[in-house]
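Engineer: Dropping in input05.txt, with compact mmCIF, C-alpha atoms.
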# COMPACT_ATOMS: atom_id res chain seq x y z
CA MET A 1 -6.83 26.48 1.40
CA THR A 2 -3.06 25.94 1.23
CA VAL A 3 -1.65 22.47 0.62
CA PHE A 4 -0.47 22.30 4.25
CA GLU A 5 -3.93 23.29 5.55
CA GLU A 6 -5.46 20.63 3.32
CA LEU A 7 -3.11 17.92 4.64
CA LYS A 8 -4.15 18.94 8.14
CA ALA A 9 -7.87 19.01 7.30
CA ARG A 10 -7.60 15.52 5.80
CA GLY A 11 -6.07 14.17 9.03
CA LEU A 12 -2.79 13.20 7.37
CA LEU A 13 -0.26 14.95 9.61
CA ALA A 14 1.24 13.14 12.60
CA GLN A 15 4.67 14.41 13.79
CA LEU A 16 6.74 17.28 12.38
CA THR A 17 10.22 18.54 13.25
CA ASP A 18 9.44 22.20 12.46
CA GLU A 19 5.84 22.92 11.49
CA GLU A 20 6.34 26.53 10.40
CA GLU A 21 9.32 25.78 8.16
CA ILE A 22 7.67 22.70 6.61
CA LYS A 23 4.50 24.71 5.98
CA GLU A 24 6.51 27.47 4.28
CA LEU A 25 8.42 25.05 2.03
CA ILE A 26 5.57 22.87 0.80
CA ASN A 27 3.09 25.75 0.36
CA ASN A 28 5.59 27.51 -1.92
CA GLY A 29 6.66 24.42 -3.87
CA ARG A 30 10.19 24.56 -2.47
CA ALA A 31 10.31 21.10 -0.91
CA THR A 32 12.41 18.36 -2.45
CA PHE A 33 11.24 15.44 -0.38
CA TYR A 34 11.74 11.71 -0.30
CA ILE A 35 9.78 8.71 0.83
CA GLY A 36 11.48 5.32 1.11
CA PHE A 37 10.05 2.04 -0.19
CA ASP A 38 11.78 -1.24 0.64
CA PRO A 39 11.26 -3.68 -2.27
CA THR A 40 10.14 -6.66 -0.19
CA ALA A 41 7.59 -7.80 -2.82
CA ASP A 42 6.95 -7.35 -6.55
CA SER A 43 4.01 -5.05 -5.90
CA LEU A 44 3.09 -2.12 -3.70
CA HIS A 45 0.07 -2.61 -1.45
CA VAL A 46 -2.57 -0.58 0.35
CA GLY A 47 -0.07 0.13 3.14
CA HIS A 48 1.87 2.25 0.62
CA PHE A 49 -1.26 4.08 -0.53
CA MET A 50 -0.97 6.97 1.92
CA ALA A 51 2.60 7.69 0.84
CA LEU A 52 1.71 7.59 -2.87
CA CYS A 53 -1.24 9.93 -2.39
CA LEU A 54 0.92 12.34 -0.36
CA MET A 55 3.55 12.37 -3.11
CA LYS A 56 0.87 13.15 -5.68
CA ARG A 57 -0.64 15.97 -3.61
CA LEU A 58 2.73 17.61 -3.00
CA GLN A 59 3.86 17.26 -6.61
CA MET A 60 0.60 18.90 -7.74
CA ALA A 61 1.59 21.84 -5.50
CA GLY A 62 4.95 22.17 -7.28
CA ASN A 63 7.16 20.18 -4.91
CA LYS A 64 9.65 17.57 -6.12
CA PRO A 65 9.20 13.93 -5.00
CA ILE A 66 12.03 11.42 -4.77
CA ALA A 67 10.95 7.79 -4.54
CA LEU A 68 13.85 6.11 -2.79
CA ILE A 69 13.89 2.38 -3.45
CA GLY A 70 15.70 0.45 -0.75
CA GLY A 71 17.80 -1.85 -2.90
CA GLY A 72 20.53 -1.61 -0.27
CA THR A 73 18.50 -1.41 2.95
CA GLY A 74 16.29 -4.17 1.52
CA MET A 75 19.26 -6.50 1.87
CA ILE A 76 18.86 -6.04 5.64
CA GLY A 77 15.19 -5.26 6.23
CA ASP A 78 13.52 -2.63 8.39
CA PRO A 79 12.92 -3.91 11.96
CA SER A 80 10.18 -1.28 12.58
CA GLY A 81 6.93 -2.93 13.66
CA ARG A 82 8.48 -6.40 13.32
CA SER A 83 8.83 -9.13 15.92
CA ASP A 84 10.95 -11.36 13.65
CA LEU A 85 13.80 -11.09 11.16
CA ARG A 86 12.82 -10.34 7.57
CA THR A 87 13.62 -12.87 4.84
CA MET A 88 16.81 -12.10 2.93
CA MET A 89 16.37 -11.33 -0.78
CA THR A 90 18.72 -11.75 -3.72
CA LYS A 91 19.97 -8.76 -5.72
CA GLU A 92 18.03 -10.00 -8.80
CA THR A 93 14.75 -10.19 -6.85
CA ILE A 94 15.26 -6.67 -5.48
CA GLU A 95 15.95 -5.26 -8.97
CA HIS A 96 12.83 -6.93 -10.36
CA ASN A 97 10.70 -5.55 -7.50
CA CYS A 98 12.10 -2.05 -8.08
CA GLU A 99 10.96 -2.13 -11.73
CA CYS A 100 7.47 -3.23 -10.65
CA PHE A 101 7.29 -0.38 -8.12
CA LYS A 102 8.13 2.29 -10.69
CA ARG A 103 5.37 1.14 -13.05
CA GLN A 104 2.80 1.35 -10.25
CA MET A 105 4.08 4.67 -8.89
CA SER A 106 3.79 6.23 -12.36
CA ARG A 107 0.01 6.19 -11.94
CA PHE A 108 0.41 8.62 -9.03
CA ILE A 109 3.44 10.78 -9.79
CA GLU A 110 5.15 12.05 -12.93
CA PHE A 111 8.76 10.99 -13.29
CA GLY A 112 11.47 12.93 -15.12
CA GLU A 113 14.24 11.57 -17.32
CA GLU A 114 16.31 8.57 -16.26
CA GLU A 115 19.39 10.78 -16.04
CA HIS A 116 18.90 12.30 -12.61
CA SER A 117 20.07 15.87 -12.22
CA MET A 118 19.02 18.94 -10.30
CA GLU A 119 18.56 20.75 -13.62
CA GLN A 120 15.38 18.81 -14.43
CA GLU A 121 12.02 20.55 -14.31
CA HIS A 122 11.66 21.16 -10.61
CA SER A 123 8.57 19.13 -9.79
CA LYS A 124 9.36 16.05 -11.93
CA ALA A 125 9.84 13.02 -9.68
CA LEU A 126 13.01 10.98 -9.41
CA MET A 127 13.42 7.32 -8.59
CA VAL A 128 16.69 6.58 -6.82
CA ASN A 129 18.04 3.28 -5.48
CA ASN A 130 20.11 3.40 -2.31
CA ALA A 131 22.03 0.34 -3.49
CA ASP A 132 23.97 2.85 -5.61
CA TRP A 133 25.80 4.13 -2.52
CA LEU A 134 25.24 1.48 0.17
CA MET A 135 26.47 -1.63 -1.65
CA ASN A 136 30.03 -0.36 -2.17
CA LEU A 137 30.67 1.22 1.22
CA ASN A 138 33.97 0.64 2.97
CA TYR A 139 32.91 -0.52 6.42
CA ILE A 140 35.78 1.05 8.38
CA GLU A 141 35.42 4.38 6.60
CA PHE A 142 31.64 4.30 7.09
CA ILE A 143 31.66 3.73 10.85
CA ARG A 144 34.41 6.33 11.32
CA ASP A 145 32.65 8.90 9.16
CA VAL A 146 28.97 8.24 9.99
CA GLY A 147 28.71 5.79 12.91
CA VAL A 148 30.60 8.17 15.19
CA HIS A 149 27.57 10.52 15.18
CA PHE A 150 25.15 7.94 16.66
CA SER A 151 24.71 7.22 20.36
CA VAL A 152 23.95 3.55 21.05
CA ASN A 153 22.14 4.48 24.28
CA ARG A 154 19.85 6.81 22.39
CA MET A 155 19.28 4.34 19.54
CA LEU A 156 18.16 1.65 21.98
CA THR A 157 15.33 3.89 23.20
CA ALA A 158 13.93 4.22 19.64
CA GLU A 159 10.40 2.92 19.16
CA CYS A 160 11.41 1.02 16.01
CA TYR A 161 13.67 -1.31 18.03
CA LYS A 162 11.48 -1.99 21.06
CA GLN A 163 9.56 -5.02 19.74
CA ARG A 164 12.72 -6.61 18.36
CA MET A 165 14.57 -6.12 21.65
CA GLU A 166 12.23 -8.60 23.34
CA LYS A 167 13.17 -11.45 20.98
CA GLY A 168 16.68 -10.31 20.22
CA LEU A 169 17.77 -7.54 17.88
CA SER A 170 20.55 -8.61 15.52
CA PHE A 171 23.48 -6.30 14.84
CA LEU A 172 22.46 -6.52 11.18
CA GLU A 173 19.11 -4.87 11.93
CA PHE A 174 20.68 -2.44 14.40
CA ASN A 175 22.46 -0.84 11.44
CA TYR A 176 19.16 0.04 9.75
CA MET A 177 18.70 3.43 11.44
CA ILE A 178 22.24 4.50 10.54
CA MET A 179 21.78 3.42 6.92
CA GLN A 180 18.43 5.21 6.57
CA SER A 181 19.96 8.34 8.08
CA TYR A 182 22.85 8.06 5.61
CA ASP A 183 20.29 7.86 2.78
CA PHE A 184 18.91 11.26 3.80
CA LEU A 185 22.43 12.72 3.91
CA LYS A 186 23.25 11.40 0.41
CA LEU A 187 19.98 12.66 -1.05
CA TYR A 188 20.57 16.08 0.55
CA GLU A 189 24.06 16.27 -0.99
CA GLU A 190 23.14 14.88 -4.43
CA TYR A 191 19.66 16.29 -5.06
CA GLY A 192 19.11 19.05 -2.52
CA CYS A 193 16.56 16.88 -0.73
CA ASN A 194 15.47 18.93 2.30
CA MET A 195 12.63 16.77 3.67
CA GLN A 196 11.77 13.20 4.45
CA PHE A 197 8.20 11.97 4.80
CA GLY A 198 7.06 8.55 5.95
CA GLY A 199 4.76 6.53 8.18
CA ASP A 200 4.52 7.44 11.84
CA ASP A 201 6.43 4.27 12.81
CA GLN A 202 9.50 5.71 11.03
CA TRP A 203 9.87 8.79 13.27
CA SER A 204 13.03 7.66 15.09
CA ASN A 205 14.83 6.76 11.86
CA MET A 206 13.84 10.07 10.28
CA LEU A 207 15.12 12.11 13.20
CA GLY A 208 18.41 10.25 12.85
CA GLY A 209 18.69 11.61 9.30
CA THR A 210 17.98 15.24 10.18
CA GLU A 211 20.51 15.03 13.03
CA LEU A 212 23.18 13.48 10.79
CA ILE A 213 22.76 16.27 8.20
CA ARG A 214 23.06 18.89 10.94
CA ARG A 215 26.19 17.28 12.41
CA LYS A 216 27.94 16.57 9.10
CA LEU A 217 26.93 19.61 7.04
CA GLY A 218 25.70 22.16 9.56
CA LYS A 219 22.45 22.41 7.56
CA ASP A 220 18.77 22.08 8.45
CA ALA A 221 16.60 19.32 6.99
CA TYR A 222 13.08 18.39 8.04
CA ALA A 223 10.94 15.34 8.69
CA MET A 224 7.20 14.78 8.79
CA THR A 225 5.28 11.60 9.45
CA ILE A 226 1.85 10.83 8.10
CA THR A 227 -0.90 9.13 10.05
CA LEU A 228 -0.97 5.35 9.71
CA LEU A 229 -4.06 4.03 7.94
CA LEU A 230 -5.91 2.34 10.80
CA ASN A 231 -9.52 1.22 10.99
CA SER A 232 -11.90 2.16 13.79
CA GLU A 233 -10.60 -0.84 15.81
CA GLY A 234 -7.03 0.47 15.65
CA LYS A 235 -5.81 -2.20 13.21
CA LYS A 236 -3.83 -1.47 10.04
CA MET A 237 -6.03 -1.41 6.96
CA GLY A 238 -5.17 -3.23 3.77
CA LYS A 239 -5.35 -6.81 5.00
CA THR A 240 -7.91 -9.48 4.11
CA GLN A 241 -8.22 -13.15 5.00
CA LYS A 242 -6.16 -13.88 1.88
CA GLY A 243 -3.43 -11.41 2.89
CA ALA A 244 -2.45 -7.95 1.64
CA VAL A 245 -4.52 -5.89 -0.78
CA TRP A 246 -2.05 -5.35 -3.63
CA LEU A 247 -1.93 -2.65 -6.30
CA ASP A 248 -0.90 -5.22 -8.93
CA PRO A 249 -4.07 -6.37 -10.75
CA ASN A 250 -2.61 -9.88 -11.09
CA LYS A 251 -2.33 -10.19 -7.30
CA THR A 252 -5.53 -8.34 -6.33
CA SER A 253 -7.95 -7.89 -9.22
CA PRO A 254 -9.60 -4.48 -9.79
CA PHE A 255 -12.89 -6.08 -8.71
CA GLU A 256 -11.41 -7.39 -5.44
CA PHE A 257 -9.71 -4.03 -4.89
CA TYR A 258 -13.02 -2.21 -5.42
CA GLN A 259 -14.83 -4.64 -3.13
CA TYR A 260 -12.29 -4.12 -0.34
CA TRP A 261 -13.12 -0.40 -0.17
CA ARG A 262 -16.83 -0.96 -0.86
CA ASN A 263 -16.95 -3.11 2.28
CA VAL A 264 -15.13 -0.84 4.76
CA ALA A 265 -16.90 -0.23 8.05
CA ASP A 266 -19.34 2.70 8.28
CA ALA A 267 -17.06 4.33 10.85
CA ASP A 268 -14.09 4.30 8.44
CA VAL A 269 -15.54 5.40 5.11
CA LEU A 270 -15.26 9.20 5.49
CA LYS A 271 -11.83 8.98 7.13
CA CYS A 272 -10.58 6.94 4.15
CA MET A 273 -12.20 9.38 1.76
CA ARG A 274 -10.42 12.34 3.37
CA MET A 275 -7.04 10.64 3.56
CA LEU A 276 -6.94 8.85 0.22
CA THR A 277 -9.18 10.47 -2.39
CA PHE A 278 -8.69 13.75 -4.22
CA LEU A 279 -12.32 14.80 -3.87
CA PRO A 280 -12.71 18.36 -2.52
CA ILE A 281 -12.64 18.40 1.26
CA GLU A 282 -15.86 20.48 1.28
CA GLN A 283 -17.67 17.73 -0.64
CA ILE A 284 -16.50 15.12 1.86
CA ASP A 285 -17.48 17.31 4.82
CA GLU A 286 -21.02 17.43 3.42
CA MET A 287 -21.14 13.63 3.67
CA ASP A 288 -20.67 13.89 7.45
CA LYS A 289 -24.45 14.30 7.61
CA TRP A 290 -25.09 11.11 5.63
CA GLU A 291 -26.45 8.03 7.36
CA GLY A 292 -28.14 4.72 6.62
CA SER A 293 -28.31 3.91 2.90
CA GLN A 294 -26.42 7.11 2.09
CA LEU A 295 -23.32 5.56 3.69
CA ASN A 296 -23.48 2.79 1.08
CA GLN A 297 -23.41 5.49 -1.57
CA ALA A 298 -20.37 7.01 0.14
CA LYS A 299 -18.66 3.61 0.08
CA GLU A 300 -19.35 3.30 -3.64
CA ILE A 301 -17.79 6.72 -4.21
CA LEU A 302 -14.75 5.76 -2.12
CA ALA A 303 -14.29 2.42 -3.90
CA PHE A 304 -14.69 3.97 -7.36
CA GLU A 305 -12.27 6.86 -6.71
CA LEU A 306 -9.53 4.62 -5.31
CA THR A 307 -9.91 1.95 -7.99
CA LYS A 308 -9.71 4.70 -10.62
CA LEU A 309 -6.52 6.01 -9.03
CA VAL A 310 -4.82 2.61 -9.07
CA HIS A 311 -6.29 0.86 -12.12
CA GLY A 312 -7.78 3.60 -14.30
CA GLU A 313 -11.35 4.76 -14.93
CA GLU A 314 -12.31 1.92 -17.28
CA GLU A 315 -11.41 -0.77 -14.75
CA ALA A 316 -13.12 1.19 -11.97
CA GLN A 317 -16.29 1.40 -14.04
CA ALA A 318 -16.23 -2.34 -14.77
CA ALA A 319 -15.64 -3.18 -11.11
CA GLN A 320 -18.49 -0.92 -10.01
CA GLU A 321 -20.90 -2.50 -12.50
CA SER A 322 -19.90 -5.97 -11.32
CA ALA A 323 -20.39 -5.01 -7.68
CA ARG A 324 -23.81 -3.52 -8.40
CA SER A 325 -24.76 -6.73 -10.22
CA ILE A 326 -23.88 -8.67 -7.09
CA PHE A 327 -26.08 -6.55 -4.85
CA SER A 328 -28.96 -6.65 -7.32
CA GLY A 329 -28.60 -10.43 -7.78
CA ASN A 330 -28.24 -9.93 -11.55
CA LEU A 331 -25.34 -12.33 -11.96
CA PHE A 332 -26.65 -15.14 -14.10
CA SER A 333 -25.97 -16.08 -17.71
CA GLY A 334 -23.35 -13.39 -18.14
CA GLN A 335 -25.71 -10.50 -17.33
CA GLY A 336 -23.27 -9.04 -14.85
CA GLY A 337 -20.02 -9.47 -13.01
CA ALA A 338 -17.77 -9.43 -16.08
CA ASP A 339 -14.89 -8.14 -13.98
CA MET A 340 -15.45 -10.67 -11.21
CA PRO A 341 -12.47 -12.89 -10.24
CA THR A 342 -12.74 -16.15 -12.14
CA ALA A 343 -11.53 -19.65 -11.32
CA THR A 344 -11.16 -21.78 -14.44
CA LEU A 345 -11.30 -25.56 -13.95
CA THR A 346 -9.78 -28.23 -16.18
CA GLU A 347 -10.69 -31.87 -16.76
CA GLU A 348 -8.07 -32.81 -14.17
CA ASP A 349 -10.27 -31.16 -11.52
CA LEU A 350 -13.17 -33.51 -12.31
CA THR A 351 -13.89 -36.87 -10.70
CA ASP A 352 -15.83 -39.29 -12.93
CA GLY A 353 -16.72 -36.35 -15.18
CA THR A 354 -18.20 -34.12 -12.46
CA ILE A 355 -17.12 -31.94 -9.53
CA ASP A 356 -19.02 -31.51 -6.27
CA ILE A 357 -19.72 -28.23 -4.50
CA LEU A 358 -16.97 -28.89 -1.94
CA GLY A 359 -14.44 -29.30 -4.74
CA ILE A 360 -15.64 -26.10 -6.40
CA LEU A 361 -15.26 -24.14 -3.17
CA VAL A 362 -11.69 -25.40 -2.71
CA LYS A 363 -10.61 -25.07 -6.37
CA SER A 364 -12.01 -21.53 -6.56
CA GLY A 365 -10.11 -20.48 -3.43
CA LEU A 366 -13.28 -19.64 -1.49
CA THR A 367 -12.23 -22.20 1.13
CA THR A 368 -8.85 -23.73 1.91
CA SER A 369 -10.03 -27.31 2.49
CA ARG A 370 -12.97 -29.65 1.92
CA SER A 371 -13.71 -29.71 5.65
CA GLU A 372 -13.96 -25.91 5.68
CA ALA A 373 -16.15 -26.10 2.57
CA ARG A 374 -18.41 -28.68 4.24
CA ARG A 375 -18.90 -26.42 7.28
CA ALA A 376 -19.70 -23.45 5.04
CA VAL A 377 -22.42 -25.42 3.20
CA GLU A 378 -23.88 -26.93 6.36
CA GLN A 379 -24.05 -23.48 7.99
CA GLY A 380 -26.01 -22.09 5.03
CA GLY A 381 -23.23 -19.79 3.84
CA VAL A 382 -22.90 -21.01 0.23
CA ALA A 383 -24.97 -20.07 -2.82
CA VAL A 384 -24.63 -20.75 -6.54
CA ASP A 385 -26.26 -18.24 -8.91
CA ASN A 386 -28.06 -16.81 -5.88
CA GLU A 387 -29.57 -20.19 -4.90
CA LYS A 388 -28.53 -21.41 -1.46
CA ILE A 389 -26.80 -24.81 -1.50
CA SER A 390 -27.69 -27.07 1.43
CA ASP A 391 -26.58 -30.49 0.13
CA ILE A 392 -22.82 -31.14 0.31
CA LYS A 393 -23.21 -33.81 -2.41
CA THR A 394 -24.43 -31.33 -5.04
CA VAL A 395 -22.45 -31.96 -8.25
CA TYR A 396 -21.86 -30.00 -11.46
CA HIS A 397 -21.22 -31.26 -14.98
CA PRO A 398 -18.85 -29.62 -17.48
CA GLU A 399 -21.72 -28.29 -19.58
CA GLN A 400 -23.03 -26.38 -16.53
CA LEU A 401 -19.62 -24.72 -16.19
CA ALA A 402 -19.20 -23.87 -19.87
CA GLY A 403 -19.13 -20.29 -21.14
CA ASN A 404 -19.71 -17.83 -18.30
CA GLY A 405 -20.05 -20.74 -15.87
CA ILE A 406 -21.60 -20.25 -12.44
CA VAL A 407 -21.24 -17.62 -9.74
CA VAL A 408 -20.39 -19.10 -6.36
CA ARG A 409 -20.83 -17.08 -3.18
CA ARG A 410 -19.44 -17.86 0.24
CA GLY A 411 -20.75 -15.64 3.02
CA LYS A 412 -22.08 -12.20 2.11
CA LYS A 413 -19.09 -10.71 0.30
CA ASN A 414 -16.93 -13.45 -1.27
CA TYR A 415 -17.78 -14.28 -4.88
CA LYS A 416 -16.07 -16.24 -7.65
CA ARG A 417 -17.15 -17.03 -11.18
CA VAL A 418 -16.28 -20.68 -11.90
CA ASN A 419 -16.06 -22.02 -15.44
CA MET A 420 -14.39 -24.79 -17.48
CA LYS A 421 -11.40 -24.36 -19.74
When written as structure tokens, how does the structure in this file appear?
Structural biologist:
Amino acid sequence: MTVFEELKARGLLAQLTDEEEIKELINNGRATFYIGFDPTADSLHVGHFMALCLMKRLQMAGNKPIALIGGGTGMIGDPSGRSDLRTMMTKETIEHNCECFKRQMSRFIEFGEEEHSMEQEHSKALMVNNADWLMNLNYIEFIRDVGVHFSVNRMLTAECYKQRMEKGLSFLEFNYMIMQSYDFLKLYEEYGCNMQFGGDDQWSNMLGGTELIRRKLGKDAYAMTITLLLNSEGKKMGKTQKGAVWLDPNKTSPFEFYQYWRNVADADVLKCMRMLTFLPIEQIDEMDKWEGSQLNQAKEILAFELTKLVHGEEEAQAAQESARSIFSGNLFSGQGGADMPTATLTEEDLTDGTIDILGILVKSGLTTSRSEARRAVEQGGVAVDNEKISDIKTVYHPEQLAGNGIVVRRGKKNYKRVNMK
């Protein structure tokens, strides 16, 4: 199976400008492609996962990835899929976020030397920051040289602007498509970048880039979008009640990351396995026949493979053992759950030398308020060391929280180990 056929079989392909040419380039390792990442946080998240896995697959086939960090476009913010204006970031914040991105990306793709040149080993990845060319542009020269090639009427029909048009699209954001298109032109000129890949919501911006290269240079460049990672209800995956599922272990622990994938819906597990893991497609196809308890096994495989990709095999193993301890109830006295997220209390959290169950639920982050904690207890949704708690006045002394402490569960899937400093 060629790399293109595999991308198709895994359900990754959405829209392509020229399927035959793209197939020819990536199957023969002749694609130098880029994917853009705006540094809006100090960590990548599950929403970036598809792009990282695609970069890895294509690099393994001999193609050259360019990770374009939007240090310049990040000063504006991509309006795609947004109903409001993004928060402005300082240059220092953007630079810090870029460094964090590179560390995380290095788990997926192999970067070359810092000195970027086309003479590097072909498939070694580059990281490039578009601040290098966007921050020093002369505005008059730019709109004369680049802006002249864009039709406002056509831009206003772009999908990426539709939501913003309802509430008011600022001229600042309106520039985003032109700037992203200019990125593609610069990468084509500097590094021979002949393809852009991205999420399906980026299609309009990507077409702008291929058109600009054709108009300015008379050359062909290509664009391909990958399927957005949606669950069976049509919602974007990678969100929890607490927010995004991050790749940074300090923001989302390996255990929480594992648990997110372990708890995906039955209808989504094989789709996620095809799109995100590197297991042979034939092995995944065999799992199509699985049902009942076998689907839980498939979820374990999915969670382990993805946690290994992001955090390494050792962390994946620890997370899996902790999760199995939860399902077996073997969580007491340090027998399991070593990788479980832990909330450590101090004496300041105690009242008259103790803390009640409502306080523990709030301090551990399992609830956001005492009233929410009270409802959880009264509805029978709270357990400590696998014993259901029904009395909201239940209290705990420091000695009970010493060492490995206690394991507090809210609902079926939310666990925290709580101990004393």
Engineer: For Asn205 in chain A, which residue out of A:Asp352, A:Gly312, A:Met273, A:Asn175 is the nearest one, using only C-alpha atoms?
Structural biologist: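 The shortest atom-to-atom distance to Asn205 in chain A comes from A:Asn175.
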Engineer: Of the residues A:Leu302, A:Ile26, A:Ala41, A:Ile66, which is the one nearest to Phe184 in chain A, using only C-alpha atoms?
Structural biologist: A:Ile66
Engineer: Restricting the calculation to all atoms listed in the file, which member of A:Ile35, A:Leu295, A:Leu217, A:Ile392 is positioned closest to Glu189 in chain A?
Structural biologist: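 Result for the nearest residue to Glu189 in chain A: A:Leu217.
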Engineer: Go through A:Ala298, A:Met105, A:Leu247, A:Val418 and flag the residue nearest Val264 in chain A, using all atoms listed in the file for the distances.
Structural biologist: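 When distances to Val264 in chain A are compared using all atoms listed in the file, the smallest one comes from A:Ala298.
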Engineer: What is the CA of Val377 in chain A to CA of Val245 in chain A distance in Å?
Structural biologist: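 Interatomic distance, CA of Val377 in chain A to CA of Val245 in chain A: 26.8 Å.
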Engineer: So that I can check the surroundings of Glu5 in chain A, please list as a list of chain:residue names every protein, DNA and RNA residue that reaches within 12 Å of it, counting only C-alpha atoms and ignoring chain neighbours fewer than 4 positions away.
Structural biologist: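 Contacts, in chain order: A:Met1, A:Ala9, A:Arg10, A:Gly11, A:Leu12, A:Leu13, A:Glu19, A:Glu20, A:Ile22, A:Lys23, A:Glu24, A:Ile26, A:Asn27, A:Ile281.
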Engineer: For range 307-310 of chain A, list every protein, DNA or RNA residue within 9 Å, evaluated using only C-alpha atoms, and leave out those in the same chain fewer than 6 positions away; present the list as a ChimeraX atom specification.
Structural biologist: /A:104,107-108,247-248,254-255,257-258,261,277,316-317,319
Engineer: Excluding Leu137 in chain A and residues on its chain fewer than 5 positions from it, collect all residues at most 12 Å away from it, counting all atoms listed in the file, and give them as a list in words.
Structural biologist: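 Returned residues: Gly72, Asn130, Ala131, Asp132, Phe142, Ile143, Arg144, Asp145, Val146, Met179 and Tyr182 of chain A.
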Engineer: Could you work out how far CA of Met177 in chain A lies from CA of Gln202 in chain A, giving the answer in Å with one decimal?
Structural biologist: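 CA of Gln202 in chain A sits 9.5 Å away from CA of Met177 in chain A.
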Engineer: Could you tell me which of A:Ala323, A:Ile357, A:Ala67, A:Leu366 comes closest to Ser390 in chain A if we count only C-alpha atoms?
Structural biologist: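 Residue with the minimum atom-to-atom distance to Ser390 in chain A: A:Ile357.
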